[in-house]
2 protein chains.
Amino acid sequence: MHEHGRYGTPGGALPSRAVPDAAVARLAVYLRVLTSMIEQGVTKMSSEELAGAAGVNSATLRKDLSHVGSSGTRGVGYDTAQLVEHIERLLGLTRHHSVAVVGIGNLGHALANYGGFPDRGFPVTALFDVDEDLVGISVGGLAVDHVDSIPAVCVEREVTIGVICTPSVAAQSACELLVAGGVRCILNFAPVVLQVPDDVEVRRVDLAVELQILSFHEARRSSVDSSADGALRVVAPVSDSAEIAVGR
Amino acid sequence: MHEHGRYGTPGGALPSRAVPDAAVARLAVYLRVLTSMIEQGVTKMSSEELAGAAGVNSATLRKDLSHVGSSGTRGVGYDTAQLVEHIERLLGLTRHHSVAVVGIGNLGHALANYGGFPDRGFPVTALFDVDEDLVGISVGGLAVDHVDSIPAVCVEREVTIGVICTPSVAAQSACELLVAGGVRCILNFAPVVLQVPDDVEVRRVDLAVELQILSFHEARRSSVDSSADGALRVVAPVSDSAEIAVGR
DNA sequence: GCGACTTTGTTCCTACGTTCACATGCGGCT
DNA sequence: AGCCGCATGTGAACGTAGGAACAAAGTCGC
C-alpha cells in the first residue's frame with residue numbers, strides 16, 4: 001500500500017485518493033455556509049438544512065461529512081462550531097497559507113486588493129511583475145517585486161500558494177519560477193495548460209471557458225426552443241466566426 | 001416510488017444532455033489550443049498531439065470531438081481551422097453574447113477592463129453598481145448604470161450573460177434583477193449559492209474555494225510526507241481542539 | 001424510565017464519465 | 001490500381017460519483 005506513485009502517473013490519472021476533489025470543493029462551500037450561519041447565531045443544523053443552503057443532496061452532504069470524521073448527533077444534527085473546526089482541520093486551514101500573486105495587471109491588482117483572502121487564512125505576502133514601472137510601487141500595502149526574485153522571496157516568506165495572473169505567454173515561466181521557490185500549489189488564471197512536476201498541484205480558473213460553457217447552454221436552449229433537433233444546427237454564417245479568435 | 005424522471009424518460013427522443021458538462025469545458029480548452037496553433041501556422045493535428053497540448057487523454061478528446069460532428073480525416077488528423085469552426089458552432093460562439101457586469105468593485109473593475117472577453121466574442125455592454133459615486137463614471141469606456149436599471153438595460157442591450165461581482169449580501173438581489181431582465185446565464189463570483197428558476201444556468205467561480213482546495217492538497221501532502229501512509233488517514237483526536245487555535 | 005420519533009452514518013445500487021481496444025476508412029506508396 | 005499503414009470513431013469495460021433506502025443511535029415526550 002505504500003509506494004503509490006503519488007498522483008503523477010503519466011497521463012495524469014489520480015489514483016487512491018481518500019477524499020474526492022468534488023467532495024473537497026463542497027466541503028469548502030459547507031464551511032462558508034456554516035460560518036455565515038454562526039454569525040447569525042445558529043448553533044445546530046441538520047443535514048437537510050445545511051444541504052439545502054449549500055444546494056446539494058442531503059445524502060451527499062452526509063457522505064462528505066463522513067470524510068471529516070463525523071461529529072453529528074443523531075436525532076439532533078450537527079454542532080455548527082464543531083463542524084467548522086473539523087472541516088477546517090481537514091482542509092488544512094488550521095495554518096495560514098502565504099499567497100504570492102504573479103502578474104499585477106487588472107486581475108492581479110484586484111486580487112492583491114481583495115480583502116477576502118486574508119480573512120480566510122490566505123494572506124497575500126508577495127507580489128511580482130516583470131514591468132519595471134510596476135516594480136517598487138505599493139499595491140494593497142505590499143510592494144511589487146521583480147519576477148526574477150520570485151524563488152528567493154517565496155522561500156523567504158514561506159509562500160505555499162502561487163497565483164498566476166500573467167498573460168498567457170508568461171505563465172509557464174512564472175510557474176517555473178514559483179516551483180523553483182518551493183511553491184507546490186498553483187492557481188492559474190492564464191488560459192494555458194501549465195507543465196509542472198508531478199508533485200505540484202495546479203488548479204486553473206479560466207474565465208473565458210466559463211463564459212463559453214454558458215454560451216453553450218444558451219445555444220442549446222435556443223435550439224431546443226426553435227427546433228426539436230438539438231444536434232448539428234448551423235445558426236449563423238460561419239465566415240466571420242473564424243475571425244474572432246485573435247485574442248492576445 | 002422511483003420518480004427520478006426529469007431527463008431521459010423512456011421514449012423521450014430529446015437528448016437534452018447529449019454533451020456532458022465536462023466535455024463542454026474541455027472543448028473550450030481545445031478551442032484555445034487550436035487557435036493558438038493556427039496562429040503558429042499549424043493546419044493539421046492528430047488527436048494525440050491535441051490531447052497532449054490540452055492535457056487530456058486522446059480517447060477522451062476523440063469522444064469529445066465526436067459530439068461536435070466528426071470532422072477528422074482518418075490516417076491524417078484534424079484540420080485545425082475546420083475543427084475550430086465546428087467547436088465554435090457547438091458552443092454557440094457563432095453569435096456574440098453581450099455581457100453585463102454587476103458590482104464594479106476590485107474584481108468587477110478588472111473584468112470590465114479585461115480585453116480578453118470582447119476578443120473572444122463576449123463584449124461587455126453594461127456595467128452596474130449600487131454605489132451612487134460609481135454610477136455615471138466610465139470604466140473601460142462604458143458608463144456605470146444603477147442596479148435599479150438592470151432589467152430595462154439588459155433587455156435593451158440584449159444581454160445574455162450576467163456576471164455578478166457584488167458582495168455576498170447583494171448577490172441574490174442582483175441575480176433576481178438580471179433574471180428579470182431576461183438573462184438566463186449567470187457567472188457568479190460571489191461566495192453564495194444563488195436561488196434561481198430552473199431555466200437559469202448559474203456557474204460559480206469561488207476564489208476562496210479554489211485556495212481551500214489547494215490548501216487541502218498541501219495538507220494531505222504534508223501528512224503523506226510525515227506518515228508514509230496516505231490512504232484513509234483522518235486525524236482522529238475529536239476531543240477538543242484547543243491545539244488548533246486558528247486565528248480569525 | 002421507557003417508547004417513539006428524529007436524524008445520522010452507511011450500504012447498496014444506478015448511472016455517468018473515462019479509458020481501453022478494435023474495426024473502419026482514407027491517404028500515400030509502389 | 002491495389003496494398004499498407006495510420007489515425008479516426010465507436011463499442012465495451014472499468015472505475016467513480018451520486019442518490020435512495022436502511023439500521024444504529026440518541027433525544028424528547030410522557
# chains A, B, ... in the order shown; residues from 1 in each chain; ligands from 1

$ interface_residues --of "chain B" --to "chain A" --cutoff "6 Å" --atoms "only C-alpha atoms" --output "compact mmCIF listing (two decimals) with C-alpha atoms, in the first residue's frame"
# COMPACT_ATOMS: atom_id res chain seq x y z
CA ALA B 28 -13.37 25.20 -24.79
CA LEU B 91 -20.57 26.17 -28.18
CA GLY B 92 -22.81 28.80 -29.67
CA THR B 94 -21.20 31.91 -33.87
CA ASN B 106 -12.00 45.36 -7.47
CA LEU B 107 -12.98 42.35 -9.46
CA ALA B 110 -10.82 44.26 -13.58
CA ASP B 119 -11.74 39.31 -28.23
CA ARG B 120 -13.50 36.02 -27.76
CA CYS B 185 -26.88 32.61 -17.93
CA VAL B 209 -12.81 27.69 -2.52
CA LEU B 214 -5.15 23.79 -2.80
CA SER B 215 -4.74 24.06 0.93
CA PHE B 216 -6.21 20.60 1.30
CA ALA B 219 -2.11 19.45 3.97
CA ALA B 231 -4.69 6.49 2.32
CA LEU B 232 -7.58 6.97 4.63
CA VAL B 246 -6.78 29.19 14.39

$ calpha_fit_rmsd --fixed "chain B" --moving "chain A"
4.6 Å

$ interface_residues --of "chain C" --to "chain A" --cutoff "7 Å" --atoms "only C-alpha atoms (C1' of nucleotides)" --output "list in words"
DT6, DT7 and DT8 of chain C

$ write_last_selection --atoms "N, CA and C atoms (P, O5', C5', C4', C3', O3' and C1' of nucleotides)" --output "short mmCIF file (atom, residue, chain, number, x, y, z; two decimals), in the first residue's frame"
data_model
loop_
_atom_site.label_atom_id
_atom_site.label_comp_id
_atom_site.auth_asym_id
_atom_site.auth_seq_id
_atom_site.Cartn_x
_atom_site.Cartn_y
_atom_site.Cartn_z
P DT C 6 -40.91 12.74 13.81
"O5'" DT C 6 -39.44 13.33 13.75
"C5'" DT C 6 -38.89 13.99 14.88
"C4'" DT C 6 -37.38 13.88 14.88
"C3'" DT C 6 -36.73 14.11 13.51
"O3'" DT C 6 -35.79 15.13 13.62
"C1'" DT C 6 -35.85 12.17 14.55
P DT C 7 -35.28 15.89 12.33
"O5'" DT C 7 -33.81 15.32 12.15
"C5'" DT C 7 -32.92 15.37 13.25
"C4'" DT C 7 -31.75 14.44 13.01
"C3'" DT C 7 -31.16 14.50 11.59
"O3'" DT C 7 -29.76 14.62 11.68
"C1'" DT C 7 -31.52 12.28 12.23
P DT C 8 -28.90 14.90 10.37
"O5'" DT C 8 -27.71 13.88 10.64
"C5'" DT C 8 -27.03 13.91 11.88
"C4'" DT C 8 -26.52 12.52 12.24
"C3'" DT C 8 -25.37 12.04 11.36
"O3'" DT C 8 -24.33 11.56 12.18
"C1'" DT C 8 -27.12 10.44 11.39
#

$ residues_around --residues "DG19 (chain D)" --least-positions-apart "5" --cutoff "10 Å" --atoms "only C-alpha atoms (C1' of nucleotides)" --output "list in words"
Asn57, Ser58, Ala59 and Thr60 of chain A; His4 of chain B; DC13 and DT14 of chain C

$ write_last_selection --atoms "C-alpha atoms (C1' of nucleotides)" --output "PDB file, in the first residue's frame"
ATOM      1  CA  ASN A  57     -28.412  16.458  -1.763  1.00  0.00           C
ATOM      2  CA  SER A  58     -28.512  15.664   1.937  1.00  0.00           C
ATOM      3  CA  ALA A  59     -27.106  12.189   1.428  1.00  0.00           C
ATOM      4  CA  THR A  60     -24.190  13.642  -0.474  1.00  0.00           C
TER       5      THR A  60
ATOM      6  CA  HIS B   4     -36.465  10.293 -10.840  1.00  0.00           C
TER       7      HIS B   4
ATOM      8  C1'  DC C  13     -27.306   0.403  -6.466  1.00  0.00           C
ATOM      9  C1'  DT C  14     -27.695   3.026 -10.552  1.00  0.00           C
TER      10       DT C  14
END

$ closest_residue --among "D:DA1, D:DC6, D:DA12, D:DA25" --to "chain A" --atoms "only C-alpha atoms (C1' of nucleotides)"
D:DA25

$ select_by_dssp --residues "region 81-172 of chain B" --states "strand (DSSP E)" --output "JSON, numbers by chain"
{"B": [98, 99, 100, 101, 102, 124, 125, 126, 127, 128, 129, 138, 139, 142, 143, 144, 145, 146, 159, 160, 161, 162, 163, 164]}

$ residues_around --residues "DC14 (chain D)" --least-positions-apart "3" --cutoff "9 Å" --atoms "only C-alpha atoms (C1' of nucleotides)" --output "MDAnalysis selection string"
chainID C and resid 18:20

$ residues_around --residues "DG29 (chain D)" --least-positions-apart "3" --cutoff "10 Å" --atoms "only C-alpha atoms (C1' of nucleotides)" --output "list of chain:residue names"
C:DG3, C:DA4, C:DC5

$ write_last_selection --atoms "N, CA and C atoms (P, O5', C5', C4', C3', O3' and C1' of nucleotides)" --output "PDB file, in the first residue's frame"
ATOM      1  P    DG C   3     -40.425   0.070  26.398  1.00  0.00           P
ATOM      2  O5'  DG C   3     -41.201   0.906  25.287  1.00  0.00           O
ATOM      3  C5'  DG C   3     -42.467   1.469  25.586  1.00  0.00           C
ATOM      4  C4'  DG C   3     -42.722   2.665  24.690  1.00  0.00           C
ATOM      5  C3'  DG C   3     -42.468   2.394  23.203  1.00  0.00           C
ATOM      6  O3'  DG C   3     -43.498   3.002  22.437  1.00  0.00           O
ATOM      7  C1'  DG C   3     -41.154   4.224  23.907  1.00  0.00           C
ATOM      8  P    DA C   4     -43.850   2.466  20.967  1.00  0.00           P
ATOM      9  O5'  DA C   4     -43.804   3.830  20.152  1.00  0.00           O
ATOM     10  C5'  DA C   4     -44.334   5.018  20.735  1.00  0.00           C
ATOM     11  C4'  DA C   4     -43.646   6.241  20.134  1.00  0.00           C
ATOM     12  C3'  DA C   4     -43.387   6.129  18.621  1.00  0.00           C
ATOM     13  O3'  DA C   4     -43.711   7.352  17.997  1.00  0.00           O
ATOM     14  C1'  DA C   4     -41.376   6.625  19.742  1.00  0.00           C
ATOM     15  P    DC C   5     -43.875   7.409  16.414  1.00  0.00           P
ATOM     16  O5'  DC C   5     -43.103   8.768  16.117  1.00  0.00           O
ATOM     17  C5'  DC C   5     -43.020   9.775  17.125  1.00  0.00           C
ATOM     18  C4'  DC C   5     -41.740  10.569  16.951  1.00  0.00           C
ATOM     19  C3'  DC C   5     -41.308  10.765  15.499  1.00  0.00           C
ATOM     20  O3'  DC C   5     -40.929  12.116  15.299  1.00  0.00           O
ATOM     21  C1'  DC C   5     -39.518   9.851  16.734  1.00  0.00           C
TER      22       DC C   5
END

$ interface_residues --of "chain D" --to "chain A" --cutoff "7 Å" --atoms "only C-alpha atoms (C1' of nucleotides)" --output "list of chain:residue names"
D:DG18, D:DA25, D:DG26, D:DT27

$ residues_around --residues "DA23 (chain C)" --least-positions-apart "4" --cutoff "10 Å" --atoms "only C-alpha atoms (C1' of nucleotides)" --output "PyMOL selection string"
chain D and resi 9-11

$ residues_around --residues "Thr35 (chain A)" --least-positions-apart "3" --cutoff "9 Å" --atoms "only C-alpha atoms (C1' of nucleotides)" --output "list of chain:residue names"
A:Tyr30, A:Leu31, A:Arg32, A:Ile38, A:Glu39, A:Gln40, A:Thr80, A:Ala81, A:Val84

$ write_last_selection --atoms "N, CA and C atoms" --output "short mmCIF file (atom, residue, chain, number, x, y, z; two decimals), in the first residue's frame"
data_model
loop_
_atom_site.label_atom_id
_atom_site.label_comp_id
_atom_site.auth_asym_id
_atom_site.auth_seq_id
_atom_site.Cartn_x
_atom_site.Cartn_y
_atom_site.Cartn_z
N TYR A 30 -19.72 24.17 2.30
CA TYR A 30 -20.36 23.97 3.59
C TYR A 30 -19.73 24.90 4.62
N LEU A 31 -18.42 24.98 4.56
CA LEU A 31 -17.70 25.81 5.52
C LEU A 31 -18.19 27.25 5.47
N ARG A 32 -18.37 27.72 4.26
CA ARG A 32 -18.82 29.10 4.13
C ARG A 32 -20.23 29.28 4.66
N ILE A 38 -23.28 30.75 11.65
CA ILE A 38 -22.79 31.00 13.01
C ILE A 38 -22.88 32.48 13.33
N GLU A 39 -22.58 33.30 12.33
CA GLU A 39 -22.69 34.74 12.55
C GLU A 39 -24.11 35.15 12.90
N GLN A 40 -25.06 34.36 12.39
CA GLN A 40 -26.46 34.65 12.69
C GLN A 40 -26.92 33.96 13.97
N THR A 80 -22.67 23.48 14.78
CA THR A 80 -22.06 24.26 13.70
C THR A 80 -20.59 24.60 13.99
N ALA A 81 -20.33 25.05 15.20
CA ALA A 81 -18.96 25.46 15.51
C ALA A 81 -18.00 24.28 15.42
N VAL A 84 -17.37 23.30 11.81
CA VAL A 84 -16.44 24.22 11.18
C VAL A 84 -15.01 23.84 11.53
#

$ select_by_dssp --residues "region 13-238 of chain B" --states "helix (DSSP H, G or I)" --output "ChimeraX atom specification"
/B:21-39,47-54,58-66,80-90,106-113,116-119,147-156,168-180,207-227

$ atom_distance --atom1 "C1' of DG28 (chain C)" --atom2 "CA of Thr43 (chain B)"
18.8 Å

$ atom_distance --atom1 "CA of Ile104 (chain B)" --atom2 "CA of Gly140 (chain B)"
11.3 Å
